[in-house]
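File shown: entry_18.txt. Contents: compact mmCIF, C-alpha atoms.
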```txt
# COMPACT_ATOMS: atom_id res chain seq x y z
CA MET A 1 -23.51 -0.12 -64.82
CA LYS A 2 -24.71 -3.05 -62.72
CA PRO A 3 -25.40 -1.73 -59.19
CA SER A 4 -23.39 -3.31 -56.38
CA ILE A 5 -22.01 -2.59 -52.91
CA PRO A 6 -18.46 -3.07 -51.57
CA LYS A 7 -17.59 -6.53 -50.22
CA GLY A 8 -18.08 -6.79 -46.49
CA THR A 9 -20.96 -4.29 -46.39
CA ARG A 10 -24.72 -4.86 -46.32
CA ASP A 11 -27.93 -3.04 -47.16
CA PHE A 12 -30.58 -3.01 -44.45
CA GLY A 13 -34.24 -2.82 -45.44
CA PRO A 14 -37.10 -1.74 -43.13
CA VAL A 15 -37.38 -5.13 -41.39
CA GLN A 16 -33.63 -5.32 -40.82
CA VAL A 17 -33.39 -1.74 -39.57
CA ASN A 18 -36.25 -2.31 -37.11
CA ARG A 19 -34.48 -5.42 -35.85
CA ARG A 20 -31.19 -3.57 -35.52
CA ASN A 21 -32.96 -0.77 -33.65
CA PHE A 22 -34.29 -3.41 -31.24
CA ILE A 23 -30.67 -4.27 -30.41
CA PHE A 24 -29.68 -0.61 -30.04
CA ASN A 25 -32.69 0.34 -27.92
CA THR A 26 -32.33 -2.71 -25.66
CA LEU A 27 -28.66 -1.97 -24.97
CA ARG A 28 -29.20 1.78 -24.63
CA LYS A 29 -31.65 1.21 -21.75
CA VAL A 30 -29.03 -0.87 -19.92
CA PHE A 31 -26.29 1.70 -20.53
CA VAL A 32 -28.42 4.54 -19.18
CA LYS A 33 -29.44 2.44 -16.17
CA TYR A 34 -25.78 2.19 -15.15
CA GLY A 35 -25.17 5.93 -15.51
CA TYR A 36 -23.55 6.15 -18.95
CA GLN A 37 -24.06 9.22 -21.17
CA PRO A 38 -24.18 9.34 -24.99
CA ILE A 39 -21.57 10.91 -27.29
CA GLU A 40 -20.81 10.71 -31.01
CA THR A 41 -17.53 11.23 -32.88
CA PRO A 42 -16.83 11.84 -36.60
CA VAL A 43 -16.84 8.99 -39.12
CA MET A 44 -13.25 9.84 -40.03
CA GLU A 45 -10.30 10.72 -37.81
CA ASN A 46 -6.86 12.08 -38.56
CA LEU A 47 -4.72 9.12 -39.58
CA SER A 48 -2.18 10.12 -36.94
CA THR A 49 -4.93 9.61 -34.32
CA LEU A 50 -5.56 6.03 -35.44
CA THR A 51 -2.15 4.61 -36.34
CA GLY A 52 0.00 2.96 -33.70
CA LYS A 53 -2.94 2.23 -31.35
CA TYR A 54 -4.00 -1.23 -32.55
CA GLY A 55 -0.68 -2.98 -33.14
CA GLU A 56 0.91 -3.76 -36.49
CA GLU A 57 -1.89 -6.02 -37.70
CA GLY A 58 -4.54 -3.47 -36.72
CA ASP A 59 -2.74 -0.70 -38.60
CA GLN A 60 -2.90 -2.82 -41.74
CA LEU A 61 -6.70 -3.00 -41.46
CA LEU A 62 -7.25 0.77 -41.36
CA PHE A 63 -9.18 2.30 -44.26
CA LYS A 64 -7.23 5.34 -45.43
CA ILE A 65 -9.02 8.23 -47.14
CA LEU A 66 -7.29 9.71 -50.18
CA ASN A 67 -6.55 13.40 -49.85
CA SER A 68 -8.33 15.79 -52.19
CA GLY A 69 -6.26 16.60 -55.26
CA ASP A 70 -3.55 14.75 -57.18
CA PHE A 71 -1.33 13.75 -54.26
CA LEU A 72 0.00 10.62 -55.95
CA ARG A 73 2.35 12.68 -58.08
CA LYS A 74 4.05 13.91 -54.90
CA ALA A 75 5.03 10.39 -53.84
CA LYS A 76 8.69 9.93 -54.78
CA ASP A 77 9.43 6.53 -53.23
CA MET A 78 6.65 4.11 -54.25
CA ASP A 79 8.22 1.26 -52.25
CA ASP A 80 8.07 3.06 -48.94
CA TYR A 81 4.50 2.16 -47.90
CA LYS A 82 4.32 4.26 -44.74
CA LYS A 83 5.88 7.28 -46.40
CA LEU A 84 3.50 6.95 -49.35
CA THR A 85 0.48 6.55 -47.07
CA PHE A 86 1.01 9.82 -45.24
CA GLN A 87 1.73 11.65 -48.50
CA ILE A 88 -1.61 10.69 -50.02
CA ALA A 89 -3.83 10.12 -46.95
CA GLU A 90 -4.18 12.30 -43.88
CA LYS A 91 -7.45 10.78 -42.65
CA GLY A 92 -8.89 7.33 -42.04
CA LEU A 93 -12.22 5.72 -41.19
CA ARG A 94 -12.42 4.88 -37.50
CA TYR A 95 -11.35 1.31 -36.67
CA ASP A 96 -13.15 1.24 -33.33
CA LEU A 97 -14.87 3.65 -30.93
CA THR A 98 -12.32 3.51 -28.10
CA VAL A 99 -9.43 5.46 -29.65
CA PRO A 100 -11.74 8.25 -30.90
CA PHE A 101 -13.24 8.32 -27.39
CA ALA A 102 -9.78 8.77 -25.86
CA ARG A 103 -9.12 11.59 -28.32
CA TYR A 104 -12.49 13.14 -27.41
CA VAL A 105 -11.69 13.02 -23.69
CA ALA A 106 -8.30 14.65 -24.21
CA MET A 107 -9.83 17.44 -26.30
CA ASN A 108 -12.77 18.04 -23.93
CA GLN A 109 -11.09 17.39 -20.56
CA ASN A 110 -12.07 20.80 -19.19
CA ASP A 111 -15.76 20.33 -20.01
CA ILE A 112 -16.44 16.87 -18.60
CA ALA A 113 -16.67 15.57 -15.02
CA PHE A 114 -14.43 12.64 -14.07
CA PRO A 115 -14.99 9.77 -13.81
CA PHE A 116 -16.67 10.14 -17.19
CA LYS A 117 -19.01 7.33 -18.24
CA ARG A 118 -20.08 7.33 -21.87
CA TYR A 119 -21.88 5.05 -24.29
CA GLN A 120 -21.57 5.26 -28.06
CA ILE A 121 -23.47 3.45 -30.82
CA GLN A 122 -21.91 4.10 -34.23
CA PRO A 123 -20.43 2.22 -37.22
CA VAL A 124 -16.73 1.38 -37.62
CA TRP A 125 -14.71 0.12 -40.58
CA ARG A 126 -11.97 -2.51 -40.95
CA ALA A 127 -10.25 -3.61 -44.15
CA ASP A 128 -10.59 -7.26 -43.15
CA ARG A 129 -11.31 -10.29 -45.31
CA PRO A 130 -15.13 -10.58 -45.35
CA GLN A 131 -16.56 -13.85 -44.04
CA ARG A 132 -19.41 -15.12 -41.92
CA GLY A 133 -19.73 -12.88 -38.88
CA ARG A 134 -16.92 -10.57 -40.06
CA TYR A 135 -17.72 -7.41 -42.00
CA ARG A 136 -15.83 -4.37 -43.23
CA GLU A 137 -18.55 -2.03 -42.01
CA PHE A 138 -20.37 -2.76 -38.77
CA TYR A 139 -21.83 -1.10 -35.69
CA GLN A 140 -20.30 -1.20 -32.25
CA CYS A 141 -22.16 -0.41 -29.04
CA ASP A 142 -19.55 0.73 -26.51
CA VAL A 143 -19.55 1.68 -22.85
CA ASP A 144 -16.40 3.16 -21.27
CA VAL A 145 -15.50 4.93 -18.06
CA VAL A 146 -12.33 7.01 -17.74
CA GLY A 147 -10.80 8.74 -14.74
CA SER A 148 -11.19 5.87 -12.28
CA GLU A 149 -8.97 2.89 -11.44
CA SER A 150 -11.57 1.21 -9.23
CA LEU A 151 -12.25 -2.45 -9.98
CA ILE A 152 -15.93 -1.71 -9.31
CA ASN A 153 -15.98 -0.49 -12.93
CA GLU A 154 -14.77 -3.89 -14.16
CA VAL A 155 -17.50 -5.59 -12.15
CA GLU A 156 -20.24 -3.28 -13.47
CA LEU A 157 -19.15 -3.96 -17.04
CA VAL A 158 -19.70 -7.69 -16.43
CA GLN A 159 -23.16 -6.82 -15.08
CA ILE A 160 -23.86 -4.72 -18.18
CA TYR A 161 -22.84 -7.62 -20.41
CA ASP A 162 -24.98 -10.01 -18.40
CA GLU A 163 -28.06 -7.77 -18.36
CA GLY A 164 -27.67 -6.66 -21.96
CA PHE A 165 -27.47 -10.16 -23.41
CA THR A 166 -30.19 -11.43 -21.08
CA ASN A 167 -32.55 -8.70 -22.34
CA LEU A 168 -31.61 -9.57 -25.93
CA GLY A 169 -32.45 -13.22 -25.29
CA ILE A 170 -28.96 -14.60 -25.90
CA ASP A 171 -27.26 -17.06 -23.54
CA VAL A 172 -23.55 -16.26 -23.37
CA THR A 173 -20.28 -17.10 -21.68
CA ILE A 174 -18.35 -14.06 -20.43
CA LYS A 175 -14.61 -14.77 -20.42
CA ILE A 176 -12.18 -12.71 -18.33
CA ASN A 177 -8.40 -12.49 -18.12
CA ASN A 178 -5.85 -9.80 -17.24
CA ARG A 179 -3.11 -8.47 -19.50
CA LYS A 180 -0.76 -8.26 -16.50
CA ILE A 181 -1.03 -12.05 -16.25
CA LEU A 182 0.08 -12.25 -19.88
CA ASP A 183 2.97 -9.90 -19.06
CA GLY A 184 3.86 -12.29 -16.25
CA ILE A 185 3.81 -15.25 -18.64
CA ALA A 186 6.22 -13.44 -20.98
CA GLU A 187 8.47 -12.62 -18.03
CA ALA A 188 8.37 -16.21 -16.75
CA ALA A 189 9.29 -17.46 -20.22
CA GLY A 190 12.12 -14.93 -20.47
CA ILE A 191 10.72 -13.11 -23.49
CA THR A 192 9.54 -9.74 -22.15
CA ASP A 193 10.76 -8.12 -25.38
CA LYS A 194 8.47 -10.46 -27.37
CA MET A 195 5.39 -9.99 -25.21
CA MET A 196 3.24 -8.48 -28.00
CA ASP A 197 4.25 -11.19 -30.49
CA MET A 198 3.28 -13.82 -27.90
CA THR A 199 -0.04 -12.09 -27.19
CA VAL A 200 -1.00 -11.82 -30.86
CA ALA A 201 -0.28 -15.53 -31.32
CA ILE A 202 -2.22 -16.60 -28.20
CA ASP A 203 -5.20 -14.49 -29.29
CA LYS A 204 -5.54 -16.76 -32.36
CA LEU A 205 -5.63 -19.99 -30.34
CA ASP A 206 -9.33 -20.74 -30.93
CA LYS A 207 -8.85 -20.23 -34.67
CA ILE A 208 -5.53 -21.95 -35.41
CA GLY A 209 -5.08 -24.35 -32.47
CA ILE A 210 -2.06 -24.84 -30.22
CA GLN A 211 0.20 -26.00 -33.06
CA GLY A 212 -0.68 -22.90 -35.02
CA VAL A 213 0.18 -20.77 -31.97
CA ARG A 214 3.54 -22.56 -31.68
CA ASP A 215 4.25 -21.87 -35.34
CA GLU A 216 3.26 -18.22 -35.00
CA MET A 217 5.59 -17.70 -32.06
CA ALA A 218 8.43 -19.54 -33.77
CA LYS A 219 8.08 -17.23 -36.77
CA LYS A 220 8.64 -14.31 -34.38
CA ASP A 221 11.92 -15.88 -33.17
CA ILE A 222 10.58 -16.90 -29.77
CA PRO A 223 12.89 -19.71 -28.52
CA ALA A 224 11.59 -23.27 -28.37
CA THR A 225 12.21 -23.48 -24.60
CA ALA A 226 10.08 -20.38 -24.07
CA ILE A 227 7.32 -21.74 -26.32
CA GLU A 228 7.29 -24.97 -24.29
CA LYS A 229 6.92 -23.08 -21.02
CA ILE A 230 4.19 -20.83 -22.44
CA GLU A 231 2.25 -23.88 -23.62
CA LYS A 232 2.52 -25.44 -20.16
CA ILE A 233 1.19 -22.24 -18.55
CA LEU A 234 -1.66 -22.02 -21.06
CA SER A 235 -2.82 -25.47 -20.02
CA CYS A 236 -3.79 -24.08 -16.58
CA LYS A 237 -7.56 -23.88 -16.15
CA LYS A 238 -7.75 -22.36 -12.66
CA MET A 239 -6.23 -19.11 -11.44
CA TRP A 240 -4.57 -20.77 -8.44
CA GLU A 241 -2.66 -23.07 -10.78
CA LEU A 242 -0.81 -20.05 -12.16
CA GLU A 243 0.68 -19.02 -8.83
CA SER A 244 3.58 -21.49 -9.09
CA PHE A 245 4.53 -20.01 -12.49
CA LEU A 246 3.92 -16.31 -11.81
CA SER A 247 4.62 -15.87 -8.10
CA TYR A 248 8.03 -14.32 -8.79
CA THR A 249 6.86 -11.99 -11.59
CA GLU A 250 5.70 -8.53 -10.54
CA SER A 251 3.11 -8.10 -13.31
CA GLY A 252 1.80 -11.64 -12.98
CA LYS A 253 1.20 -11.30 -9.23
CA LYS A 254 -0.59 -7.98 -9.69
CA GLY A 255 -2.76 -9.38 -12.47
CA LEU A 256 -3.79 -12.38 -10.35
CA LEU A 257 -4.62 -10.06 -7.42
CA GLU A 258 -6.74 -7.72 -9.58
CA LEU A 259 -8.64 -10.56 -11.20
CA GLY A 260 -9.16 -12.26 -7.84
CA ASN A 261 -10.74 -9.08 -6.48
CA VAL A 262 -13.02 -8.81 -9.52
CA PHE A 263 -14.29 -12.35 -8.97
CA ASN A 264 -14.78 -11.63 -5.25
CA TYR A 265 -17.09 -8.73 -6.16
CA LEU A 266 -18.90 -10.85 -8.75
CA ASP A 267 -19.67 -13.43 -6.06
CA LYS A 268 -21.88 -10.76 -4.44
CA VAL A 269 -24.10 -10.10 -7.48
CA ASN A 270 -26.74 -12.22 -9.20
CA LEU A 271 -25.88 -13.04 -12.81
CA ASN A 272 -27.84 -14.96 -15.44
CA ASN A 273 -24.81 -15.95 -17.53
CA GLU A 274 -21.63 -17.77 -16.58
CA VAL A 275 -18.40 -15.82 -16.08
CA VAL A 276 -15.18 -17.82 -16.47
CA PHE A 277 -11.46 -17.22 -16.21
CA ASP A 278 -9.68 -17.98 -19.51
CA ILE A 279 -5.88 -17.86 -19.50
CA THR A 280 -5.84 -18.05 -23.33
CA LEU A 281 -7.87 -14.85 -23.68
CA ALA A 282 -5.41 -12.22 -24.94
CA ARG A 283 -7.26 -9.52 -26.93
CA GLY A 284 -4.80 -8.54 -29.65
CA LEU A 285 -5.17 -4.76 -29.37
CA SER A 286 -1.98 -3.28 -27.94
CA TYR A 287 -3.56 -0.64 -25.68
CA TYR A 288 -5.06 -3.02 -23.09
CA THR A 289 -3.20 -3.10 -19.75
CA GLY A 290 -5.47 -4.81 -17.19
CA THR A 291 -8.72 -6.79 -17.10
CA ILE A 292 -9.84 -8.00 -20.53
CA TYR A 293 -13.18 -9.46 -21.62
CA GLU A 294 -14.62 -11.57 -24.41
CA VAL A 295 -18.18 -12.83 -24.89
CA LYS A 296 -19.25 -15.93 -26.81
CA ALA A 297 -22.83 -16.92 -27.63
CA LYS A 298 -23.97 -20.40 -26.60
CA GLY A 299 -25.63 -22.78 -29.02
CA ILE A 300 -24.20 -21.26 -32.19
CA GLU A 301 -20.87 -21.24 -34.00
CA MET A 302 -19.89 -17.59 -34.10
CA GLY A 303 -16.85 -15.51 -33.17
CA SER A 304 -16.89 -13.25 -30.14
CA ILE A 305 -19.93 -10.96 -29.88
CA GLY A 306 -18.35 -8.67 -27.32
CA GLY A 307 -14.98 -7.70 -25.94
CA GLY A 308 -13.00 -5.00 -24.19
CA GLY A 309 -10.73 -4.24 -21.29
CA ARG A 310 -8.75 -1.82 -19.12
CA TYR A 311 -6.39 0.70 -20.75
CA ASP A 312 -4.21 2.72 -18.38
CA ASP A 313 -2.91 5.54 -20.52
CA LEU A 314 -4.68 5.64 -23.89
CA THR A 315 -5.50 9.32 -23.42
CA GLY A 316 -1.80 9.91 -22.73
CA MET A 317 -1.17 9.44 -26.44
CA PHE A 318 -3.17 12.64 -26.90
CA GLY A 319 -1.46 14.60 -24.12
CA LEU A 320 -3.76 13.74 -21.18
CA LYS A 321 -1.52 11.67 -18.90
CA GLY A 322 -2.46 9.47 -15.97
CA VAL A 323 -6.11 8.88 -16.88
CA SER A 324 -7.05 5.21 -16.71
CA GLY A 325 -10.08 3.82 -18.48
CA VAL A 326 -11.98 0.58 -19.00
CA GLY A 327 -14.72 -0.34 -21.40
CA VAL A 328 -16.47 -3.05 -23.38
CA SER A 329 -18.08 -3.31 -26.77
CA PHE A 330 -21.16 -5.18 -28.02
CA GLY A 331 -20.66 -6.36 -31.60
CA ALA A 332 -24.04 -5.38 -33.06
CA ALA A 333 -23.47 -7.05 -36.46
CA ARG A 334 -22.70 -10.44 -34.96
CA ILE A 335 -25.45 -10.05 -32.37
CA TYR A 336 -27.84 -9.43 -35.28
CA ASP A 337 -26.65 -12.62 -37.00
CA VAL A 338 -26.98 -14.64 -33.78
CA LEU A 339 -30.54 -13.42 -33.15
CA SER A 340 -31.45 -14.14 -36.78
CA GLU A 341 -30.02 -17.67 -36.73
CA LEU A 342 -31.63 -18.48 -33.38
CA ASP A 343 -34.90 -16.80 -34.47
CA ARG A 344 -34.94 -14.66 -31.33
CA PHE A 345 -36.04 -11.32 -32.77
CA PRO A 346 -39.37 -10.13 -31.33
CA ASP A 347 -42.35 -9.39 -33.54
CA SER A 348 -41.62 -6.03 -35.17
CA SER A 349 -45.28 -5.32 -35.98
CA ALA A 350 -45.31 -2.59 -33.33
CA GLU A 351 -43.15 -0.55 -35.70
CA ASN A 352 -45.57 -1.08 -38.59
CA ILE A 353 -48.64 0.90 -39.54
CA LYS A 354 -51.85 -0.34 -37.91
CA VAL A 355 -54.29 0.72 -40.59
CA LEU A 356 -54.16 1.66 -44.27
CA PHE A 357 -56.88 3.89 -45.75
CA VAL A 358 -57.88 2.98 -49.32
CA THR A 359 -60.33 4.90 -51.54
CA PHE A 360 -62.15 4.74 -54.86
CA ASP A 361 -61.87 8.30 -56.19
CA GLU A 362 -60.55 11.81 -55.53
CA THR A 363 -63.53 12.84 -53.37
CA THR A 364 -63.33 9.86 -51.00
CA ARG A 365 -59.54 10.22 -50.88
CA ASP A 366 -59.93 13.80 -49.56
CA TYR A 367 -62.34 12.55 -46.89
CA ALA A 368 -59.92 9.72 -46.02
CA PHE A 369 -57.14 12.29 -45.63
CA ASP A 370 -59.18 14.04 -42.91
CA CYS A 371 -59.83 10.70 -41.18
CA LEU A 372 -56.12 9.93 -41.34
CA GLN A 373 -55.27 13.10 -39.38
CA ASN A 374 -57.64 12.11 -36.57
CA VAL A 375 -56.18 8.60 -36.33
CA ARG A 376 -52.59 9.85 -36.28
CA ALA A 377 -53.47 12.53 -33.72
CA ALA A 378 -54.58 9.68 -31.46
CA GLY A 379 -51.05 8.27 -31.64
CA ILE A 380 -51.82 5.42 -34.04
CA ASN A 381 -49.50 4.55 -36.94
CA ALA A 382 -51.56 4.97 -40.08
CA GLU A 383 -51.18 5.58 -43.80
CA LEU A 384 -53.31 6.62 -46.79
CA TYR A 385 -52.67 5.07 -50.20
CA PRO A 386 -51.87 8.28 -52.12
CA GLU A 387 -53.75 7.58 -55.38
CA PRO A 388 -57.28 6.18 -55.79
CA VAL A 389 -56.11 3.46 -58.20
CA LYS A 390 -57.67 0.03 -58.67
CA MET A 391 -58.60 -1.57 -55.36
CA LYS A 392 -56.60 -4.70 -56.23
CA LYS A 393 -53.40 -2.67 -56.40
CA GLN A 394 -54.11 -0.94 -53.08
CA MET A 395 -54.83 -4.27 -51.37
CA LYS A 396 -51.65 -5.77 -52.83
CA TYR A 397 -49.72 -2.92 -51.19
CA ALA A 398 -51.48 -3.59 -47.86
CA ASN A 399 -50.47 -7.26 -48.01
CA ALA A 400 -46.87 -6.36 -48.88
CA ARG A 401 -46.71 -4.04 -45.85
CA LYS A 402 -48.36 -6.69 -43.63
CA VAL A 403 -50.96 -4.16 -42.46
CA PRO A 404 -53.39 -5.73 -39.96
CA TYR A 405 -56.37 -3.52 -40.93
CA VAL A 406 -57.54 -1.75 -44.08
CA ALA A 407 -60.12 1.05 -43.87
CA VAL A 408 -62.08 1.12 -47.14
CA ILE A 409 -63.88 4.38 -47.91
CA GLY A 410 -66.42 4.71 -50.67
CA SER A 411 -69.22 7.23 -51.19
CA ASN A 412 -71.59 5.39 -48.81
CA GLU A 413 -68.98 5.27 -46.02
CA MET A 414 -68.19 8.94 -46.53
CA GLU A 415 -71.86 9.95 -46.27
CA ALA A 416 -72.24 7.86 -43.11
CA GLY A 417 -69.06 9.29 -41.56
CA SER A 418 -67.62 5.79 -41.21
CA VAL A 419 -65.23 3.28 -42.83
CA ALA A 420 -65.50 -0.34 -43.89
CA LEU A 421 -62.81 -1.87 -41.68
CA LYS A 422 -61.32 -5.12 -42.97
CA ASN A 423 -59.28 -7.48 -40.79
CA MET A 424 -56.54 -8.62 -43.18
CA GLU A 425 -55.87 -11.83 -41.26
CA THR A 426 -59.43 -13.12 -40.93
CA GLY A 427 -61.04 -11.30 -43.85
CA GLU A 428 -63.89 -10.04 -41.63
CA GLN A 429 -65.27 -6.63 -42.56
CA SER A 430 -67.55 -4.28 -40.59
CA LEU A 431 -68.86 -0.72 -40.81
CA ILE A 432 -67.36 1.38 -38.04
CA SER A 433 -67.11 5.06 -37.08
CA ILE A 434 -63.75 6.84 -36.92
CA ASP A 435 -64.06 7.19 -33.14
CA ASP A 436 -64.74 3.47 -32.77
CA LEU A 437 -61.88 2.72 -35.18
CA ILE A 438 -59.49 4.70 -32.98
CA GLU A 439 -60.73 2.93 -29.85
CA LYS A 440 -60.38 -0.48 -31.50
CA LEU A 441 -56.82 0.13 -32.69
CA ARG A 442 -55.81 1.53 -29.31
CA ASN A 443 -56.94 -1.71 -27.67
```
Entire entry expressed as structure tokens:
Amino acid sequence: MKPSIPKGTRDFGPVQVNRRNFIFNTLRKVFVKYGYQPIETPVMENLSTLTGKYGEEGDQLLFKILNSGDFLRKAKDMDDYKKLTFQIAEKGLRYDLTVPFARYVAMNQNDIAFPFKRYQIQPVWRADRPQRGRYREFYQCDVDVVGSESLINEVELVQIYDEGFTNLGIDVTIKINNRKILDGIAEAAGITDKMMDMTVAIDKLDKIGIQGVRDEMAKKDIPATAIEKIEKILSCKKMWELESFLSYTESGKKGLLELGNVFNYLDKVNLNNEVVFDITLARGLSYYTGTIYEVKAKGIEMGSIGGGGRYDDLTGMFGLKGVSGVGVSFGAARIYDVLSELDRFPDSSAENIKVLFVTFDETTRDYAFDCLQNVRAAGINAELYPEPVKMKKQMKYANARKVPYVAVIGSNEMEAGSVALKNMETGEQSLISIDDLIEKLRN
């Protein structure tokens, strides 16, 4: 069988994993700085936990896990997709980290202190069509706070985005909107019953253009007069321009007030990246109820590399009512691609071994093993080539690992209690004691 991996997934070798860890470690420091605590949840969740939380399109992208045993024979009606699904699959791979977090909070409400601030760095899965910047398996780096309705949380999440991407070396635009404003648009257009259909269409604007959005809404039986009014509202670039359209809608007024307060707070903090109001920002997930975010990288064609928002009662789906939350996600896979394309990853040599011991025979190898223990005890990354094979093969390995120094030990070096240290970049070689070797590598 020819080995392969599923479409939309990737293998990560040592270089790639070190680079990905750079992203994780950079963001983790920011999360901890702002008071967030780590949790982890299972790879798979009960399918009942996941379905109905992401809208109809999101439900279609869930990976379902086949139950153990021959459950297919129990499916009577093969045309009833939903009935068939729950007969053969009780579990699914998590689609994001937010819904599992809401489930975690509901299950552990008596053991956590509210407001509860958590960060989570784990992979998620979506049965999407693989393409550039879009994968079926990818990591998310999330921060959420539940149990507080304060807009201070929204402001801090902007700061976390700003500081996180600044530390990663990526210039971004942070876009903000409010789902209540979108509710107000639906109300102003007289289509409150079609609000979700409108939102899903608007969320695709940057991909399919305004004509595509019109067509999408028309397919959902949104009247032409309503579509015309929605398009006129979407042309507004400033928040104050919306007041004439939304001043008589309860949700719209509240959304404008909330977003205005967020921007007032942001005026008091120093940010490295621009934060803009974007009326077309919709975020297709159905559980958002307030402020919503999206982050785009500058200088590169790539989809959003971050997003999130306020959800007022996501935990209520799991029996814990009246607990509001807000959070954002860093899309680690796309961030990785952006850093790669812009060549912004730092030198990963710090993760590599500093010296490789090579030997000529069994006796010198045993001596090198003792030297290796001393070097490692000093906190220096080091390795011993395990067999005393031909020196050419050992040096080839050193070059492949990009080792800066090779410590060659023969019988003369062993008798002198030293090593022949070779600088692999310059080719210079000198006789040096183990103590001096440790001092040199430390410096």
Skipping near chain neighbours, those fewer than 2 positions away, what residues fall within 7 Å of Glu383 in chain A using only C-alpha atoms, listed as a VMD selection string? chain A and resid 353 355 to 357 385
Nearest to Asn261 in chain A among A:Gln429, A:Thr49, A:Asn178, A:Ser411, with distances taken over all atoms listed in the file: which residue is it?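 When distances to Asn261 in chain A are compared using all atoms listed in the file, the smallest one comes from A:Asn178.
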Need the axis-aligned box for range 364-380 of chain A with 5 Å each side, so what are the centre and edges in Å to one decimal, as JSON?
```
{"center_x": -57.2, "center_y": 9.7, "center_z": -41.2, "size_x": 22.3, "size_y": 18.6, "size_z": 29.5}
```
Quick one: residues within 10 Å of Ile65 in chain A, all atoms listed in the file counted, chain neighbours fewer than 6 positions away excluded, as a VMD selection string? chain A and resid 44 to 47 85 88 to 93
Residue nearest Tyr293 in chain A among A:Ile222, A:Leu168, A:Leu314, A:Ile174 (counting only C-alpha atoms):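 Under the stated criterion, the closest residue is A:Ile174.
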Please, what distance in Å, to one decimal, runs between CA of Gly417 in chain A and CA of Pro388 in chain A? 18.7 Å
Residues at most 12 Å from Tyr367 in chain A, counting all atoms listed in the file, excluding those fewer than 5 positions away in the same chain, as a ChimeraX atom specification? /A:357-362,372-374,384,408-419,434
Can you work out the spacing between CA of Tyr336 in chain A and CA of Ile292 in chain A in Å, to one decimal?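 That distance, rounded to one decimal, is 23.3 Å.
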Choose the residue, out of A:Leu281, A:Asn108, A:Lys390, A:Asp142, that has the smallest atom-to-atom separation from Thr315 in chain A; count all atoms listed in the file. A:Asn108
Distance cut-off 12 Å, centre (-22.0, -24.2, -26.0) in file coordinates, counting only C-alpha atoms: which residues qualify? Return them as number ranges by chain. A: 170-173, 274, 296-302
Would you kindly return, as a PyMOL selection string, each protein, DNA or RNA residue with an atom no farther than 12 Å from any atom of range 20-32 of chain A, considering only C-alpha atoms and excluding same-chain residues fewer than 6 positions away? chain A and resi 12-14+38+117-122+138-145+156-157+159-170+327-340+344-348+350-351
Residues within 10 Å of (13.4, -14.0, -29.4), file coordinates, counting all atoms listed in the file: what are they? Give the list as an MDAnalysis selection string. chainID A and resid 190:195 197 217:224 226
Atom pair CA of Gly325 in chain A / CA of Asp312 in chain A: separation (Å): 6.0 Å
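Considering only C-alpha atoms, the residue among A:Asn381, A:Asn352, A:Thr291, A:Gln131 positioned nearest to Glu149 in chain A is A:Thr291.
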Name the closest residue to Ser148 in chain A among the candidates A:Arg10, A:Arg442, A:Arg365, A:Arg310; distances are taken between atoms, counting only C-alpha atoms.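 For Ser148 in chain A, the nearest of the candidates is A:Arg310.
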Shortest interatomic distance to Met395 in chain A - which of A:Ala407, A:Ala378, A:Leu342, A:Ala188, counting only C-alpha atoms: A:Ala407
So that I can see what lies close to Ser430 in chain A, please list as a CSV table (one decimal) with C-alpha atoms, in the frame of the given file the residues with an atom at most 9 Å from it, counting all atoms listed in the file and leaving out residues fewer than 3 positions away in the same chain.
```csv
chain,number,residue,atom,x,y,z
A,419,VAL,CA,-65.2,3.3,-42.8
A,420,ALA,CA,-65.5,-0.3,-43.9
A,421,LEU,CA,-62.8,-1.9,-41.7
A,422,LYS,CA,-61.3,-5.1,-43.0
A,423,ASN,CA,-59.3,-7.5,-40.8
```
